[in-house]
Amino acid sequence: MSLTPTKQPIIPRIKRETIKSLIRSGERIDGRKPEEYRKIQVWLNPVPKAEGSALVKLGDTTVMTGTKLEIGTPFSDRPDEGVLQVHAEFVPLASPSFEPGPPDENAIEAARVVDRCLREPRAVKLEDLVIIPGKKVWLVFNDIYLLDHDGNVIDASMLSTMLALNTAKIPKIVSIEDDNVIIDKTVKERPLPINLNVVTVSIGILEGYMIVDPTLEEEIVLDTKIVIGVDEKGRIVGIQKTGMEGIKPSQLDDIIELALKKAQELHAILREVLNNPNAYTTPLVLQ
Amino acid sequence: MSLTPTKQPIIPRIKRETIKSLIRSGERIDGRKPEEYRKIQVWLNPVPKAEGSALVKLGDTTVMTGTKLEIGTPFSDRPDEGVLQVHAEFVPLASPSFEPGPPDENAIEAARVVDRCLREPRAVKLEDLVIIPGKKVWLVFNDIYLLDHDGNVIDASMLSTMLALNTAKIPKIVSIEDDNVIIDKTVKERPLPINLNVVTVSIGILEGYMIVDPTLEEEIVLDTKIVIGVDEKGRIVGIQKTGMEGIKPSQLDDIIELALKKAQELHAILREVLNNPNAYTTPLVLQ
Amino acid sequence: MSLTPTKQPIIPRIKRETIKSLIRSGERIDGRKPEEYRKIQVWLNPVPKAEGSALVKLGDTTVMTGTKLEIGTPFSDRPDEGVLQVHAEFVPLASPSFEPGPPDENAIEAARVVDRCLREPRAVKLEDLVIIPGKKVWLVFNDIYLLDHDGNVIDASMLSTMLALNTAKIPKIVSIEDDNVIIDKTVKERPLPINLNVVTVSIGILEGYMIVDPTLEEEIVLDTKIVIGVDEKGRIVGIQKTGMEGIKPSQLDDIIELALKKAQELHAILREVLNNPNAYTTPLVLQ
Amino acid sequence: MIEKPVLIRDDGLRHDGRKPEDLRPIKMQVGILKNADGSAYVEYGKTKVVAAVYGPREVHPRHLALPDRALIRCRYHMAPFSTSDRKSPAPSRREIELSKVIREALEAVIFSELYPRTSIDIFIEVLQADGGTRTTGLTAASLALADAGIPMRDLIAGVAVGKVDGVLVLDIDEVEDEYGEADMPIGYAASIDEIMLLQLNGVLTPEEFRRAIELAKEGARRIYDQMKKTLHDKYLRIIEK
Amino acid sequence: MIEKPVLIRDDGLRHDGRKPEDLRPIKMQVGILKNADGSAYVEYGKTKVVAAVYGPREVHPRHLALPDRALIRCRYHMAPFSTSDRKSPAPSRREIELSKVIREALEAVIFSELYPRTSIDIFIEVLQADGGTRTTGLTAASLALADAGIPMRDLIAGVAVGKVDGVLVLDIDEVEDEYGEADMPIGYAASIDEIMLLQLNGVLTPEEFRRAIELAKEGARRIYDQMKKTLHDKYLRIIEK
Amino acid sequence: MIEKPVLIRDDGLRHDGRKPEDLRPIKMQVGILKNADGSAYVEYGKTKVVAAVYGPREVHPRHLALPDRALIRCRYHMAPFSTSDRKSPAPSRREIELSKVIREALEAVIFSELYPRTSIDIFIEVLQADGGTRTTGLTAASLALADAGIPMRDLIAGVAVGKVDGVLVLDIDEVEDEYGEADMPIGYAASIDEIMLLQLNGVLTPEEFRRAIELAKEGARRIYDQMKKTLHDKYLRIIEK
């Protein structure tokens, strides 16, 4: 059952008003422009025990994603494809509002939006992950771990997911006997096959004013937020509106235009990182 | 753990007294006679996606039951029988007292009473549901869904269950290879084999006075309620006493006699419906 | 998540002080000496339906342990060994502080300490429990059931576990066909193979004073408690410090020495019982 | 794996004979349950959904009550027999997500500030699923709220647009959802011209998205009119009595 | 599948040598646990059950407290080692149902109105199951309540009648339950002549049902006498001390 | 089953080249998270752990609040990607036990009586597990508490001693844990000379135990010094600003 959120960070009324009036005048409380992302920092492969991993800091929002590869059974209606599973945990160290327990609706929503944005444009080549058709395939577990929550979790999750998947290596298959597949996780054979990259762009709306990449404080005062998945070909590959106010249909064109523009910037960052992986494979400094 | 119920509809003391004094004088608050059932309305096959289904309205108590057939493994101590599972959900739209969550003790009790009344007289021919002995059989999932609760849920559940089972059709088996059974749910091959019909009759007791088919308000003021399963041969196939008061053993003969009499009426209704299925396969009008 | 315990038996301040001052003066509230165990009573095989069982009373702490043997699959990294599982339930009849539900952290800790003390010195010959290597082995379920809680649950659990395992008999294997093992639980073939016995000695510390086998009231006033597993060869096979105060490293030698001494006494009791099983296979008198 | 069926026939019609801009036959009833404060039964073709509303009523547990508005609680749930393969009764991740997006859509129209310290509970049960269950559920919930007399800024009509065999089509069913290229459900409040629910599961070009929104609004407007009529008829009936 | 054993031998005796109207050997002890306010240990043949009572005591959480009576909480639970195949410790649907019918039986005798705003908690643990665990548990719970000094209108004795190889027999064990035609457990308060628990799992003719009730009452009366004696002996012992 | 690797080479060094009394390279950072009141990131070799502290803050639910001290809540948790085989996110029995022993260790140093009716919440997340996760976690939690400004009697440094191929070695990694004969984690408060956490998983003679304690204290002291320095540096940095 979904409930009106009752446990959110409290923002003094005066600060709420400041945030709002700044947005109305085309400004932001942290000095950004409406269409400006916060600083994006990336660490590739911070946890080499996972088959792939990445840590992304989007301002003060910190997300680590790990990709694990295991042997399993395909879905009976997809015998010729590997299986991709996306999970997200909003662990309680990330925010005073989070409690331990199974993922809540926000974590589930984030995971499912990322999942759909990968699945629909076939971002991962699942057809290359079959070992014995109908019987044994690679399972790709993509676990999103939110470590510090300062808003716009989905964009950060999508970036760290895309980077983790791109760094992932498939372990060596040592032997196959009678549908029994033995692997050696210490030896990596080939990269996880990726078809194309996807990013999401989250656009907040307040009284018709648009801002990108809202902070947590901004998210709390916004009317609504719309998350748009865009692949590297500029196609829309997923949308999720969240928040408890409506949106004018007439504004959708502007929203999509802005999303496509910002998506190009994010894709450029992905390319830069993936083309220079060593520059981003540095010791983790979380500060 | 079972707790004294604390969350029940509140009935004003004066109304409670009225209900009680009417029962003592052989009357009922809704004008019925002590031994009279409420109006029974039936819709066959309201959800054709299920292999069988029925909706029953017993006064304002509304129960939909769906029967699903799937391929599965028999119990190891019953290799030559299909598997019947009865579940009941008292979903929160049915009553202000219900909360979302796994079935509570009342839903579990209702499902188990229905289950036993089917199982003991072998109402379903489970021995005709074997595909590969010891390995593959039909699983019959009978899901009881309470949509509106105005008392006597078990009698309504039993009726809708019996009708759903009688309308159920077994899907076509397309192929069997290596214990792997492929079915086609869009083609129905034969009816689910039924040995005999069963009904339950619920009799409420207040200070020795008997009424059948109590409404929810009546159930709340009753001392106790006894549910008696009767098959079409007039045999007793299950009993469940509920409620927080005792019953005089000397009254049991009268209770059984009444149950057998009312069971005949209910069996007649079942026959009428099953002999004229088209008359009851009409568009669902829930009002 | 682990929380500071909030639901413990309440002991009046004056009694707490009495218990403490007695310990400081080398005495105990129940008249025992600091290094004295309570009376230990043993019943072997009280529930013959289990493959092995024992009930141990350590003063008023009562623990029944049942050992069940079933057919199952070995761990993939231990294809040539049976599987031992230790569980503990602190059922709510054992203490006013316990609530129904899955095992809490104390029950889990007790089970895991007993498990490690068995596993590390290889107390059970798991390598003799293989039926088909890599495919079918005996699973040994050792279920500890706390019936009355008056402190020092782990020592009582370890004693009853060791006795239950020693009385356990392996059922007859009737047939093996295609990795399908049929057993007959009514016929017992041979004892569960045991390598050596293990006991634990729990030592409470209050301001540096040591006592063994604390009662529940004593446990509540103690600074800390240290549980030491000792096998019949006098080796340390497990340690668990519990409690919310520290311990001086300089005291550890005394603690170990005391534990080894008391362990010899407990091992002597085990030997006495196991050498004269008939004397301890008497009708259960719980009073 | 079953082979993909033809979704757009040579004559330009869909697999069930509809034109791209056709809705399925839609039925609506309100006030169908005795216990609930408001209720509705809605069919979009073979998709069948019941919704009920309880409240405004006391909040349990108390500490969840909000001082300045009603707490909205919403559950979207599928009956075990509603799907081809029996659905486990435990709430799936999908059901949890859909409960959230439907709740958020309804939050946007309910005047919750009129009922501080209470809860308004919305329960949606899918009895048969044949595509469009969330949009059918949103329509049903909206009707049930109106039936319960909860003041709202507007009604919300739910409908999905899909892309199948390259063609944008209205109100897709299960086959079109499964074998199509995109599914875009929306919740639209026609009088105030606001979109309250918007998701896209699939791939669209920006241009296709623009056309899909137009098609969805147009379909939602027709459903909205039928909702108004259903409520109107019921109150007429009541007045006549 | 194991073959059905002979349940009624040629000499008319049962598989374990009992006559149809014989109980199994029954043992009872009360006051066996230190912590519980009341407790009992009862054996019906190889079925072994412990029951404990805590209360009247404070209710947690508080909002469950009833203003005019005690809240009764009851749990019937089986130890993992009590059954042939190890039982998972999680409560089964069967355990949930039996907890309910046992609670309802005990509600009928406890003077709950004497202890408003408190709870009386009854915990039943089956240590070995060989048929008749709910009736053995009900007897044990009844003794534990008496041992705890909870005022009651009467004691309840539990016993089951079965139909095996066509013969009505008293106090069936597991084999008779598994291979028999019917199992009818009752809970009977002999002094006030009331049946507090009644279930039938199986098929009986109305005539058989009548005779089964007589047989059950007769058996329950013998168990009831033993319960009285057990409690009497305990209090004598206490007085003598 | 993989064959046991050589843990002590002919030259007396360990499989990774360390001497028996060597720690792995240890890194520490404090104040790494924005939201938490205190936080720390600690690496022991390839084992990587984050800890965060919230509090003293209000207790939820209220009735858990203690009148005379703060409630300490502690969770040790492993990320699904932290282990060789993916770890299910549901808390395992192991995680529940380790949360308890880490909480008890920290209870011994926190001045909880200064913050009655509040809670102090400690969350430990293992990002990569390569042996010694509980001790790394205890060190990180201790730093996070200090970073949050919670008054403590002392810092606790965690470290494990193992016995591998018959040799006592400091700070064992996963391979040494898996194929070694014993794993003895301790939590040591060096200034007050007290052991706050002590477990032994394995077999040791009494003499070996004595030597293992000495080795562990010696290693913990070095870690303790690094913790002091880390905190010192941070506050220096703050003052300089």
# chains A, B, ... in the order shown; residues from 1 in each chain; ligands from 1
call {"tool": "interface_residues", "arguments": {"of": "chain E", "to": "chain B", "cutoff": "6 Å", "atoms": "only C-alpha atoms", "output": "PDB file with C-alpha atoms, in the first residue's frame"}}
result
ATOM      1  CA  MET E   1       2.484 -44.182  -0.947  1.00  0.00           C
ATOM      2  CA  LEU E  71      -7.499  -9.547  25.694  1.00  0.00           C
ATOM      3  CA  ILE E  72      -6.900 -13.264  25.213  1.00  0.00           C
ATOM      4  CA  ARG E  73      -3.880 -14.172  23.119  1.00  0.00           C
ATOM      5  CA  CYS E  74      -3.313 -17.787  22.168  1.00  0.00           C
ATOM      6  CA  ARG E  75      -0.658 -19.575  20.153  1.00  0.00           C
ATOM      7  CA  GLU E  97      -6.417 -21.935  12.429  1.00  0.00           C
ATOM      8  CA  SER E  99      -4.688 -21.124  17.534  1.00  0.00           C
ATOM      9  CA  LYS E 100      -8.024 -19.498  16.702  1.00  0.00           C
ATOM     10  CA  GLU E 104     -12.326 -19.262  21.051  1.00  0.00           C
ATOM     11  CA  GLU E 107     -12.744 -17.443  25.707  1.00  0.00           C
ATOM     12  CA  ALA E 108     -15.986 -19.273  26.509  1.00  0.00           C
ATOM     13  CA  GLU E 194     -21.136 -27.308  26.999  1.00  0.00           C
ATOM     14  CA  ILE E 195     -19.119 -28.023  23.894  1.00  0.00           C
ATOM     15  CA  MET E 196     -16.542 -25.271  23.383  1.00  0.00           C
ATOM     16  CA  LEU E 198     -16.128 -28.771  17.635  1.00  0.00           C
ATOM     17  CA  GLN E 199     -14.660 -29.606  14.277  1.00  0.00           C
ATOM     18  CA  LEU E 200     -15.188 -32.430  11.855  1.00  0.00           C
ATOM     19  CA  ASN E 201     -12.615 -33.400   9.310  1.00  0.00           C
ATOM     20  CA  GLY E 202     -14.115 -36.308   7.403  1.00  0.00           C
ATOM     21  CA  VAL E 203     -17.390 -37.839   6.366  1.00  0.00           C
ATOM     22  CA  LEU E 204     -20.088 -39.042   8.793  1.00  0.00           C
ATOM     23  CA  THR E 205     -23.737 -39.854   8.426  1.00  0.00           C
TER      24      THR E 205
END
call {"tool": "interface_residues", "arguments": {"of": "chain F", "to": "chain E", "cutoff": "12 Å", "atoms": "only C-alpha atoms", "output": "ChimeraX atom specification"}}
result
/F:61-64
call {"tool": "write_last_selection", "arguments": {"atoms": "N, CA, C and O atoms", "output": "mmCIF file, in the first residue's frame"}}
result
data_model
loop_
_atom_site.group_PDB
_atom_site.id
_atom_site.type_symbol
_atom_site.label_atom_id
_atom_site.label_comp_id
_atom_site.auth_asym_id
_atom_site.auth_seq_id
_atom_site.Cartn_x
_atom_site.Cartn_y
_atom_site.Cartn_z
ATOM 1 N N PRO F 61 9.578 3.673 17.219
ATOM 2 C CA PRO F 61 8.420 4.279 17.873
ATOM 3 C C PRO F 61 8.760 4.720 19.303
ATOM 4 O O PRO F 61 9.641 4.144 19.931
ATOM 5 N N ARG F 62 8.053 5.730 19.759
ATOM 6 C CA ARG F 62 8.315 6.368 21.041
ATOM 7 C C ARG F 62 8.495 5.428 22.239
ATOM 8 O O ARG F 62 9.327 5.657 23.112
ATOM 9 N N HIS F 63 7.666 4.372 22.293
ATOM 10 C CA HIS F 63 7.681 3.547 23.506
ATOM 11 C C HIS F 63 9.006 2.812 23.699
ATOM 12 O O HIS F 63 9.252 2.239 24.753
ATOM 13 N N LEU F 64 9.866 2.831 22.676
ATOM 14 C CA LEU F 64 11.176 2.205 22.842
ATOM 15 C C LEU F 64 12.160 3.103 23.603
ATOM 16 O O LEU F 64 13.215 2.642 24.025
#
call {"tool": "select_by_dssp", "arguments": {"residues": "segment 66-121 of chain C", "states": "strand (DSSP E)", "output": "number ranges by chain"}}
result
C: 66-72, 83-90
call {"tool": "residues_around", "arguments": {"residues": "Pro5 of chain E", "least_positions_apart": "6", "cutoff": "9 Å", "atoms": "only C-alpha atoms", "output": "list in words"}}
result
His15, Val175 and Tyr179 of chain E
call {"tool": "write_last_selection", "arguments": {"atoms": "N, CA and C atoms", "output": "PDB file, in the first residue's frame"}}
result
ATOM      1  N   HIS E  15      -5.372 -50.914  16.162  1.00  0.00           N
ATOM      2  CA  HIS E  15      -4.012 -51.317  15.771  1.00  0.00           C
ATOM      3  C   HIS E  15      -3.035 -51.341  16.944  1.00  0.00           C
ATOM      4  N   VAL E 175      -1.787 -42.608  13.196  1.00  0.00           N
ATOM      5  CA  VAL E 175      -2.063 -43.603  12.155  1.00  0.00           C
ATOM      6  C   VAL E 175      -3.560 -43.658  11.883  1.00  0.00           C
ATOM      7  N   TYR E 179      -5.145 -42.659   8.175  1.00  0.00           N
ATOM      8  CA  TYR E 179      -5.776 -43.666   7.313  1.00  0.00           C
ATOM      9  C   TYR E 179      -7.260 -43.855   7.617  1.00  0.00           C
TER      10      TYR E 179
END
call {"tool": "residues_around", "arguments": {"residues": "Arg38 of chain B", "least_positions_apart": "4", "cutoff": "12 Å", "atoms": "only C-alpha atoms", "output": "short mmCIF file (atom, residue, chain, number, x, y, z; two decimals) with N, CA, C and O atoms, in the first residue's frame"}}
result
data_model
loop_
_atom_site.label_atom_id
_atom_site.label_comp_id
_atom_site.auth_asym_id
_atom_site.auth_seq_id
_atom_site.Cartn_x
_atom_site.Cartn_y
_atom_site.Cartn_z
N ARG B 28 -36.32 -11.61 12.45
CA ARG B 28 -34.98 -11.15 12.08
C ARG B 28 -35.08 -9.66 11.74
O ARG B 28 -36.12 -9.19 11.27
N ASP B 30 -33.91 -8.06 9.29
CA ASP B 30 -34.18 -7.76 7.88
C ASP B 30 -35.48 -8.42 7.42
O ASP B 30 -35.73 -8.53 6.21
N GLY B 31 -36.32 -8.87 8.37
CA GLY B 31 -37.62 -9.38 8.00
C GLY B 31 -37.65 -10.85 7.64
O GLY B 31 -38.72 -11.41 7.35
N ARG B 32 -36.45 -11.49 7.63
CA ARG B 32 -36.45 -12.90 7.28
C ARG B 32 -36.97 -13.76 8.43
O ARG B 32 -36.97 -13.35 9.58
N LYS B 33 -37.32 -14.99 8.08
CA LYS B 33 -37.64 -16.00 9.10
C LYS B 33 -36.32 -16.59 9.60
O LYS B 33 -35.29 -16.54 8.90
N PRO B 34 -36.32 -17.21 10.77
CA PRO B 34 -35.08 -17.76 11.32
C PRO B 34 -34.39 -18.73 10.36
O PRO B 34 -33.17 -18.76 10.29
N VAL B 56 -20.87 -14.98 -6.50
CA VAL B 56 -22.10 -15.25 -5.76
C VAL B 56 -22.39 -14.08 -4.84
O VAL B 56 -21.48 -13.59 -4.14
N LYS B 57 -23.63 -13.61 -4.89
CA LYS B 57 -24.08 -12.61 -3.92
C LYS B 57 -25.10 -13.29 -3.01
O LYS B 57 -26.11 -13.82 -3.47
N LEU B 58 -24.78 -13.31 -1.72
CA LEU B 58 -25.68 -13.85 -0.71
C LEU B 58 -26.13 -12.62 0.07
O LEU B 58 -25.41 -12.15 0.95
N GLY B 59 -27.27 -12.08 -0.29
CA GLY B 59 -27.63 -10.78 0.24
C GLY B 59 -26.55 -9.80 -0.20
O GLY B 59 -26.22 -9.71 -1.39
N ASP B 60 -25.97 -9.08 0.74
CA ASP B 60 -24.91 -8.14 0.38
C ASP B 60 -23.51 -8.71 0.52
O ASP B 60 -22.53 -7.97 0.41
N THR B 61 -23.41 -9.97 0.83
CA THR B 61 -22.09 -10.60 0.86
C THR B 61 -21.75 -11.05 -0.55
O THR B 61 -22.52 -11.82 -1.15
N ASP B 150 -20.99 -9.01 4.30
CA ASP B 150 -22.14 -8.80 5.18
C ASP B 150 -22.55 -10.10 5.86
O ASP B 150 -23.72 -10.43 5.96
N GLY B 151 -21.53 -10.82 6.35
CA GLY B 151 -21.83 -12.01 7.13
C GLY B 151 -21.91 -13.27 6.30
O GLY B 151 -22.08 -13.24 5.09
N ASN B 152 -21.75 -14.40 7.02
CA ASN B 152 -21.85 -15.74 6.41
C ASN B 152 -20.97 -15.89 5.18
O ASN B 152 -21.43 -16.34 4.11
N ASP B 155 -20.56 -19.84 3.70
CA ASP B 155 -21.56 -20.41 2.79
C ASP B 155 -21.44 -19.82 1.39
O ASP B 155 -21.51 -20.54 0.38
N ALA B 156 -21.24 -18.50 1.32
CA ALA B 156 -21.09 -17.86 0.01
C ALA B 156 -19.82 -18.35 -0.68
O ALA B 156 -19.79 -18.58 -1.89
N ILE B 211 -30.67 -19.46 13.96
CA ILE B 211 -30.98 -18.77 12.71
C ILE B 211 -29.99 -19.27 11.65
O ILE B 211 -28.87 -19.66 11.98
N VAL B 212 -30.41 -19.25 10.38
CA VAL B 212 -29.45 -19.62 9.33
C VAL B 212 -28.98 -18.34 8.64
O VAL B 212 -29.61 -17.28 8.75
N ASP B 213 -27.83 -18.49 7.97
CA ASP B 213 -27.33 -17.41 7.11
C ASP B 213 -27.33 -16.06 7.82
O ASP B 213 -27.98 -15.11 7.37
N PRO B 214 -26.60 -15.93 8.91
CA PRO B 214 -26.61 -14.66 9.64
C PRO B 214 -25.93 -13.53 8.85
O PRO B 214 -24.95 -13.76 8.14
N THR B 215 -26.46 -12.33 8.98
CA THR B 215 -25.77 -11.16 8.44
C THR B 215 -24.62 -10.80 9.38
O THR B 215 -24.49 -11.36 10.49
N LEU B 266 -29.97 -25.55 -0.89
CA LEU B 266 -28.79 -25.01 -1.57
C LEU B 266 -28.35 -25.94 -2.71
O LEU B 266 -27.95 -25.47 -3.78
#
call {"tool": "residues_around", "arguments": {"residues": "segment 45-60 of chain F", "least_positions_apart": "6", "cutoff": "7 Å", "atoms": "only C-alpha atoms", "output": "ChimeraX atom specification"}}
result
/A:93,96 /F:24-26,36-39,115,118-131,133,136-137,140-141,144-145,148
call {"tool": "residues_around", "arguments": {"residues": "Pro9 of chain C", "least_positions_apart": "5", "cutoff": "12 Å", "atoms": "only C-alpha atoms", "output": "ChimeraX atom specification"}}
result
/C:16,95-98,149-151,216-221 /E:35
call {"tool": "write_last_selection", "arguments": {"atoms": "all heavy atoms", "output": "compact mmCIF listing (two decimals), in the first residue's frame"}}
result
# COMPACT_ATOMS: atom_id res chain seq x y z
N ARG C 16 19.27 -5.99 43.21
CA ARG C 16 20.46 -5.86 42.35
C ARG C 16 21.69 -5.65 43.21
O ARG C 16 22.73 -6.26 42.99
CB ARG C 16 20.33 -4.65 41.40
CG ARG C 16 19.21 -4.75 40.41
CD ARG C 16 19.13 -3.43 39.63
NE ARG C 16 19.98 -3.46 38.45
CZ ARG C 16 19.52 -3.71 37.21
NH1 ARG C 16 18.23 -3.91 37.03
NH2 ARG C 16 20.33 -3.75 36.19
N SER C 95 9.57 -17.36 28.93
CA SER C 95 9.90 -16.15 29.68
C SER C 95 8.88 -15.06 29.42
O SER C 95 8.38 -14.94 28.30
CB SER C 95 11.29 -15.63 29.26
OG SER C 95 11.45 -14.28 29.63
N PRO C 96 8.56 -14.27 30.44
CA PRO C 96 7.65 -13.15 30.20
C PRO C 96 8.21 -12.14 29.22
O PRO C 96 7.46 -11.32 28.67
CB PRO C 96 7.47 -12.53 31.59
CG PRO C 96 8.59 -13.04 32.41
CD PRO C 96 8.99 -14.36 31.84
N SER C 97 9.50 -12.15 28.96
CA SER C 97 10.10 -11.18 28.03
C SER C 97 9.99 -11.61 26.58
O SER C 97 10.26 -10.81 25.69
CB SER C 97 11.57 -10.97 28.34
OG SER C 97 11.80 -10.81 29.70
N PHE C 98 9.65 -12.86 26.31
CA PHE C 98 9.69 -13.34 24.92
C PHE C 98 8.35 -13.13 24.24
O PHE C 98 7.31 -13.27 24.84
CB PHE C 98 10.05 -14.83 24.87
CG PHE C 98 11.41 -15.17 25.39
CD1 PHE C 98 11.72 -16.49 25.68
CD2 PHE C 98 12.38 -14.20 25.60
CE1 PHE C 98 12.98 -16.83 26.16
CE2 PHE C 98 13.64 -14.55 26.09
CZ PHE C 98 13.94 -15.87 26.38
N HIS C 149 13.48 -20.10 31.04
CA HIS C 149 14.71 -19.31 30.95
C HIS C 149 15.08 -18.78 32.33
O HIS C 149 14.45 -17.88 32.85
CB HIS C 149 14.49 -18.16 29.98
CG HIS C 149 15.68 -17.25 29.83
ND1 HIS C 149 16.94 -17.58 30.24
CD2 HIS C 149 15.79 -16.02 29.27
CE1 HIS C 149 17.77 -16.60 29.97
NE2 HIS C 149 17.11 -15.63 29.38
N ASP C 150 16.13 -19.38 32.92
CA ASP C 150 16.67 -18.78 34.14
C ASP C 150 18.17 -18.60 34.02
O ASP C 150 18.93 -18.90 34.95
CB ASP C 150 16.31 -19.64 35.36
CG ASP C 150 16.64 -18.89 36.66
OD1 ASP C 150 16.58 -17.66 36.65
OD2 ASP C 150 16.99 -19.55 37.65
N GLY C 151 18.58 -18.08 32.86
CA GLY C 151 19.99 -17.73 32.68
C GLY C 151 20.83 -18.87 32.12
O GLY C 151 20.45 -20.04 32.15
N LEU C 216 19.49 -15.95 35.60
CA LEU C 216 19.02 -14.80 34.83
C LEU C 216 19.20 -13.50 35.62
O LEU C 216 19.65 -12.48 35.07
CB LEU C 216 17.54 -15.00 34.47
CG LEU C 216 16.89 -13.89 33.63
CD1 LEU C 216 17.64 -13.65 32.35
CD2 LEU C 216 15.44 -14.25 33.31
N GLU C 217 18.87 -13.51 36.90
CA GLU C 217 19.04 -12.30 37.71
C GLU C 217 20.50 -11.88 37.77
O GLU C 217 20.82 -10.69 37.72
CB GLU C 217 18.51 -12.54 39.13
CG GLU C 217 17.00 -12.61 39.19
CD GLU C 217 16.49 -12.78 40.62
OE1 GLU C 217 17.26 -13.25 41.48
OE2 GLU C 217 15.32 -12.46 40.86
N GLU C 218 21.38 -12.85 37.88
CA GLU C 218 22.80 -12.51 37.89
C GLU C 218 23.22 -11.95 36.52
O GLU C 218 23.97 -10.97 36.46
CB GLU C 218 23.63 -13.75 38.25
CG GLU C 218 23.53 -14.11 39.74
CD GLU C 218 24.22 -15.43 40.10
OE1 GLU C 218 24.36 -16.29 39.20
OE2 GLU C 218 24.57 -15.61 41.27
N GLU C 219 22.73 -12.57 35.46
CA GLU C 219 23.12 -12.08 34.12
C GLU C 219 22.77 -10.60 33.95
O GLU C 219 23.49 -9.86 33.30
CB GLU C 219 22.41 -12.91 33.03
CG GLU C 219 23.06 -14.27 32.80
CD GLU C 219 22.43 -15.06 31.67
OE1 GLU C 219 21.33 -14.67 31.22
OE2 GLU C 219 23.02 -16.07 31.25
N ILE C 220 21.65 -10.20 34.56
CA ILE C 220 21.20 -8.83 34.38
C ILE C 220 22.14 -7.83 35.08
O ILE C 220 22.33 -6.72 34.58
CB ILE C 220 19.74 -8.68 34.84
CG1 ILE C 220 18.84 -9.42 33.84
CG2 ILE C 220 19.32 -7.22 34.94
CD1 ILE C 220 17.42 -9.63 34.32
N VAL C 221 22.73 -8.22 36.19
CA VAL C 221 23.62 -7.28 36.89
C VAL C 221 25.08 -7.40 36.46
O VAL C 221 25.89 -6.52 36.77
CB VAL C 221 23.53 -7.45 38.43
CG1 VAL C 221 22.09 -7.36 38.91
CG2 VAL C 221 24.16 -8.75 38.90
N ASN E 35 9.00 -19.72 35.11
CA ASN E 35 8.68 -18.34 34.73
C ASN E 35 7.18 -18.10 34.52
O ASN E 35 6.67 -17.05 34.87
CB ASN E 35 9.43 -17.97 33.44
CG ASN E 35 10.88 -17.61 33.73
OD1 ASN E 35 11.16 -16.75 34.55
ND2 ASN E 35 11.80 -18.28 33.07
call {"tool": "closest_residue", "arguments": {"among": "B:Pro92, B:Pro74, B:Pro12, B:Pro46", "to": "chain A", "atoms": "only C-alpha atoms"}}
result
B:Pro92
call {"tool": "closest_atom_pairs", "arguments": {"of": "chain B", "to": "chain A", "cutoff": "10 Å", "atoms": "only C-alpha atoms", "output": "CSV"}}
result
residue,atom,partner,partner_atom,distance
B:Glu99,CA,A:Met1,CA,10.0
B:Pro100,CA,A:Met1,CA,7.4
B:Gly101,CA,A:Met1,CA,9.1
call {"tool": "write_last_selection", "arguments": {"atoms": "N, CA and C atoms", "output": "tab-separated table (two decimals), in the first residue's frame"}}
result
chain	number	residue	atom	x	y	z
B	99	GLU	N	-7.64	-4.96	6.70
B	99	GLU	CA	-6.43	-4.22	6.35
B	99	GLU	C	-5.67	-5.02	5.30
B	100	PRO	N	-4.90	-4.34	4.43
B	100	PRO	CA	-4.07	-5.08	3.49
B	100	PRO	C	-3.07	-5.95	4.24
B	101	GLY	N	-2.66	-7.00	3.63
B	101	GLY	CA	-1.66	-7.88	4.24
B	101	GLY	C	-1.98	-9.32	3.96
call {"tool": "atom_distance", "arguments": {"atom1": "atom CA of Leu23 of chain E", "atom2": "atom CA of Gly132 of chain E"}}
result
11.3 Å
